[in-house]
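Heads up: the structure comes next, in structure tokens.
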Amino acid sequence: MKKIARILFYVNIAMMSSLLISCGGSEKKEADEKLGKLEIEIPKNLESNDAAVQYVNEMNLVVDDYAMLMDELVEEVGEYKGMKEEDLGMMDKLKLTTAMAKVAMESTQIMARWGECTDKRMNMEQQLSEEEIEALNLVYKRFEERMEQVKNRHEEFFAEEETVE
């Protein structure tokens, strides 16, 4: 089961990364307090573009929502790392199933918000220069940094397992 949780974590990261765009949310302050402060950078050449500023702010909220979801998942199921399914009791299996269902439901909502912003960004890009479009990509750097914070916060969970044969 722990492998399922870990696989789901990486699948979610891959899905979010592959969309390469985002929007809306409410976890910024909580994420900064729990994972560490990450500044929201509005590129100088976009400061006067209200749509771009709104996009960057919304993107960062979605990133924080997602990071908090992954952090909570590891907190809830991290204790099961390395355990085999047959070694889990009924309550353990129920806890894992509940955690997985929560992540599936909440990540779907986050993905929907991410998709809405993808549309907004695509429309906005039609009026932006290549340099301005590149500046928007700073939000992806912040996404990677937030995911690294989750990984560092739960080093033991993400440590490579040694296999003994």
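How things are named: the first chain in the structure tokens is A, the next is B, and so on; residues count from 1 in each chain; ligands count from 1 in the order shown.
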Each residue of segment 27-93 of chain A lying at most 7 Å from segment 149-161 of chain A should get a row with its shortest atom-to-atom pair and the distance in Å to one decimal, counting only C-alpha atoms; could you produce that, ordered by chain and increasing number, as CSV?
residue,atom,partner,partner_atom,distance
A:Leu35,CA,A:Gln149,CA,6.0
A:Ala67,CA,A:Val150,CA,6.8
A:Asp71,CA,A:Val150,CA,5.9
A:Gly78,CA,A:Phe157,CA,6.1
A:Lys81,CA,A:Phe157,CA,6.8
Using N, CA, C and O atoms, can you write the selected residues to a file as a PDB file, in the first residue's frame?
ATOM      1  N   LEU A  35       5.663  24.731   5.124  1.00  0.00           N
ATOM      2  CA  LEU A  35       6.735  24.246   4.264  1.00  0.00           C
ATOM      3  C   LEU A  35       7.906  25.221   4.155  1.00  0.00           C
ATOM      4  O   LEU A  35       9.003  24.826   3.794  1.00  0.00           O
ATOM      5  N   ALA A  67       0.713  21.312  -3.066  1.00  0.00           N
ATOM      6  CA  ALA A  67       1.812  20.964  -2.161  1.00  0.00           C
ATOM      7  C   ALA A  67       1.279  20.564  -0.794  1.00  0.00           C
ATOM      8  O   ALA A  67       1.746  19.585  -0.187  1.00  0.00           O
ATOM      9  N   ASP A  71       1.709  17.026   1.098  1.00  0.00           N
ATOM     10  CA  ASP A  71       2.277  17.017   2.439  1.00  0.00           C
ATOM     11  C   ASP A  71       1.360  16.258   3.394  1.00  0.00           C
ATOM     12  O   ASP A  71       1.817  15.421   4.167  1.00  0.00           O
ATOM     13  N   GLY A  78       2.599   8.018   5.671  1.00  0.00           N
ATOM     14  CA  GLY A  78       4.045   7.810   5.724  1.00  0.00           C
ATOM     15  C   GLY A  78       4.472   6.669   6.627  1.00  0.00           C
ATOM     16  O   GLY A  78       5.468   5.998   6.364  1.00  0.00           O
ATOM     17  N   LYS A  81       5.232   3.178   5.050  1.00  0.00           N
ATOM     18  CA  LYS A  81       6.316   2.959   4.097  1.00  0.00           C
ATOM     19  C   LYS A  81       7.057   1.673   4.449  1.00  0.00           C
ATOM     20  O   LYS A  81       7.397   1.425   5.595  1.00  0.00           O
TER      21      LYS A  81
END
Open item on the list: Which residues are near Glu79 of chain A? Cut-off 10 Å, only C-alpha atoms, ignore same chain within fewer than 4 positions. Put them as a ChimeraX atom specification.
Closed with: /A:2,74-75,83,157
TODO: Calculate how many Å separate atom CA of Val63 of chain A from atom CA of Arg146 of chain A, rounding to one decimal.
DONE: 7.5 Å
Open item on the list: I need the residues in chain A that are helix (DSSP H, G or I) according to DSSP; give them as a PyMOL selection string.
Closed with: chain A and resi 2-19+28-35+44-46+50-80+85-87+90-125+130-136+138-153+155-158
- [ ] Could you tell me how far atom CA of Leu138 of chain A lies from atom CA of Ala51 of chain A, in Å and to one decimal?
- [x]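 Calculated distance between atom CA of Leu138 of chain A and atom CA of Ala51 of chain A is 15.6 Å.
With atom CA of Thr118 of chain A on one side and atom CA of Glu30 of chain A on the other, the separation reads 24.5 Å.
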TODO: Write out as a ChimeraX atom specification the residues lying within 12 Å of Asn45 of chain A, counting only C-alpha atoms and excluding same-chain residues fewer than 6 positions away.
DONE: /A:52-53,128-136
Just-selected residues, all heavy atoms written as a PDB file, in the first residue's frame:
ATOM      1  N   ALA A  52      -1.846  39.041 -16.396  1.00  0.00           N
ATOM      2  CA  ALA A  52      -0.655  38.249 -16.088  1.00  0.00           C
ATOM      3  C   ALA A  52      -0.418  38.188 -14.578  1.00  0.00           C
ATOM      4  O   ALA A  52      -0.091  37.128 -14.034  1.00  0.00           O
ATOM      5  CB  ALA A  52       0.566  38.830 -16.793  1.00  0.00           C
ATOM      6  N   VAL A  53      -0.602  39.307 -13.891  1.00  0.00           N
ATOM      7  CA  VAL A  53      -0.433  39.340 -12.438  1.00  0.00           C
ATOM      8  C   VAL A  53      -1.458  38.422 -11.775  1.00  0.00           C
ATOM      9  O   VAL A  53      -1.122  37.641 -10.878  1.00  0.00           O
ATOM     10  CB  VAL A  53      -0.543  40.788 -11.904  1.00  0.00           C
ATOM     11  CG1 VAL A  53      -0.610  40.801 -10.378  1.00  0.00           C
ATOM     12  CG2 VAL A  53       0.623  41.629 -12.404  1.00  0.00           C
ATOM     13  N   LEU A 128       0.990  38.497 -25.717  1.00  0.00           N
ATOM     14  CA  LEU A 128       2.280  38.662 -25.056  1.00  0.00           C
ATOM     15  C   LEU A 128       3.440  38.392 -26.015  1.00  0.00           C
ATOM     16  O   LEU A 128       3.325  37.594 -26.940  1.00  0.00           O
ATOM     17  CB  LEU A 128       2.395  37.708 -23.863  1.00  0.00           C
ATOM     18  CG  LEU A 128       1.386  37.883 -22.731  1.00  0.00           C
ATOM     19  CD1 LEU A 128       1.607  36.812 -21.668  1.00  0.00           C
ATOM     20  CD2 LEU A 128       1.475  39.267 -22.122  1.00  0.00           C
ATOM     21  N   SER A 129       4.554  39.030 -25.729  1.00  0.00           N
ATOM     22  CA  SER A 129       5.782  38.769 -26.489  1.00  0.00           C
ATOM     23  C   SER A 129       6.400  37.465 -25.988  1.00  0.00           C
ATOM     24  O   SER A 129       6.035  36.945 -24.930  1.00  0.00           O
ATOM     25  CB  SER A 129       6.774  39.919 -26.289  1.00  0.00           C
ATOM     26  OG  SER A 129       7.249  39.920 -24.945  1.00  0.00           O
ATOM     27  N   GLU A 130       7.360  36.956 -26.717  1.00  0.00           N
ATOM     28  CA  GLU A 130       8.069  35.739 -26.305  1.00  0.00           C
ATOM     29  C   GLU A 130       8.737  35.949 -24.943  1.00  0.00           C
ATOM     30  O   GLU A 130       8.732  35.063 -24.098  1.00  0.00           O
ATOM     31  CB  GLU A 130       9.114  35.336 -27.356  1.00  0.00           C
ATOM     32  CG  GLU A 130       8.533  34.771 -28.627  1.00  0.00           C
ATOM     33  CD  GLU A 130       7.809  33.454 -28.406  1.00  0.00           C
ATOM     34  OE1 GLU A 130       8.310  32.597 -27.651  1.00  0.00           O
ATOM     35  OE2 GLU A 130       6.722  33.284 -28.993  1.00  0.00           O
ATOM     36  N   GLU A 131       9.291  37.137 -24.743  1.00  0.00           N
ATOM     37  CA  GLU A 131       9.953  37.452 -23.476  1.00  0.00           C
ATOM     38  C   GLU A 131       8.955  37.441 -22.321  1.00  0.00           C
ATOM     39  O   GLU A 131       9.248  36.937 -21.236  1.00  0.00           O
ATOM     40  CB  GLU A 131      10.617  38.829 -23.578  1.00  0.00           C
ATOM     41  CG  GLU A 131      11.395  39.223 -22.344  1.00  0.00           C
ATOM     42  CD  GLU A 131      12.053  40.583 -22.518  1.00  0.00           C
ATOM     43  OE1 GLU A 131      12.990  40.679 -23.331  1.00  0.00           O
ATOM     44  OE2 GLU A 131      11.604  41.520 -21.844  1.00  0.00           O
ATOM     45  N   GLU A 132       7.772  37.961 -22.531  1.00  0.00           N
ATOM     46  CA  GLU A 132       6.742  37.975 -21.491  1.00  0.00           C
ATOM     47  C   GLU A 132       6.224  36.564 -21.205  1.00  0.00           C
ATOM     48  O   GLU A 132       5.983  36.209 -20.043  1.00  0.00           O
ATOM     49  CB  GLU A 132       5.589  38.896 -21.906  1.00  0.00           C
ATOM     50  CG  GLU A 132       5.962  40.361 -21.910  1.00  0.00           C
ATOM     51  CD  GLU A 132       4.902  41.240 -22.546  1.00  0.00           C
ATOM     52  OE1 GLU A 132       4.288  40.809 -23.556  1.00  0.00           O
ATOM     53  OE2 GLU A 132       4.700  42.361 -22.043  1.00  0.00           O
ATOM     54  N   ILE A 133       6.083  35.783 -22.239  1.00  0.00           N
ATOM     55  CA  ILE A 133       5.652  34.388 -22.049  1.00  0.00           C
ATOM     56  C   ILE A 133       6.702  33.635 -21.231  1.00  0.00           C
ATOM     57  O   ILE A 133       6.366  32.885 -20.314  1.00  0.00           O
ATOM     58  CB  ILE A 133       5.397  33.694 -23.409  1.00  0.00           C
ATOM     59  CG1 ILE A 133       4.170  34.315 -24.081  1.00  0.00           C
ATOM     60  CG2 ILE A 133       5.216  32.188 -23.220  1.00  0.00           C
ATOM     61  CD1 ILE A 133       3.967  33.882 -25.523  1.00  0.00           C
ATOM     62  N   GLU A 134       7.960  33.857 -21.550  1.00  0.00           N
ATOM     63  CA  GLU A 134       9.042  33.212 -20.806  1.00  0.00           C
ATOM     64  C   GLU A 134       9.018  33.647 -19.338  1.00  0.00           C
ATOM     65  O   GLU A 134       9.256  32.850 -18.440  1.00  0.00           O
ATOM     66  CB  GLU A 134      10.396  33.537 -21.439  1.00  0.00           C
ATOM     67  CG  GLU A 134      11.552  32.775 -20.855  1.00  0.00           C
ATOM     68  CD  GLU A 134      11.452  31.266 -20.997  1.00  0.00           C
ATOM     69  OE1 GLU A 134      10.911  30.776 -22.004  1.00  0.00           O
ATOM     70  OE2 GLU A 134      11.909  30.565 -20.084  1.00  0.00           O
ATOM     71  N   ALA A 135       8.702  34.916 -19.103  1.00  0.00           N
ATOM     72  CA  ALA A 135       8.637  35.418 -17.724  1.00  0.00           C
ATOM     73  C   ALA A 135       7.548  34.703 -16.929  1.00  0.00           C
ATOM     74  O   ALA A 135       7.702  34.460 -15.727  1.00  0.00           O
ATOM     75  CB  ALA A 135       8.403  36.926 -17.733  1.00  0.00           C
ATOM     76  N   LEU A 136       6.455  34.357 -17.585  1.00  0.00           N
ATOM     77  CA  LEU A 136       5.378  33.634 -16.897  1.00  0.00           C
ATOM     78  C   LEU A 136       5.837  32.259 -16.409  1.00  0.00           C
ATOM     79  O   LEU A 136       5.283  31.706 -15.456  1.00  0.00           O
ATOM     80  CB  LEU A 136       4.170  33.451 -17.823  1.00  0.00           C
ATOM     81  CG  LEU A 136       3.276  34.652 -18.051  1.00  0.00           C
ATOM     82  CD1 LEU A 136       2.157  34.285 -19.021  1.00  0.00           C
ATOM     83  CD2 LEU A 136       2.689  35.181 -16.763  1.00  0.00           C
TER      84      LEU A 136
END
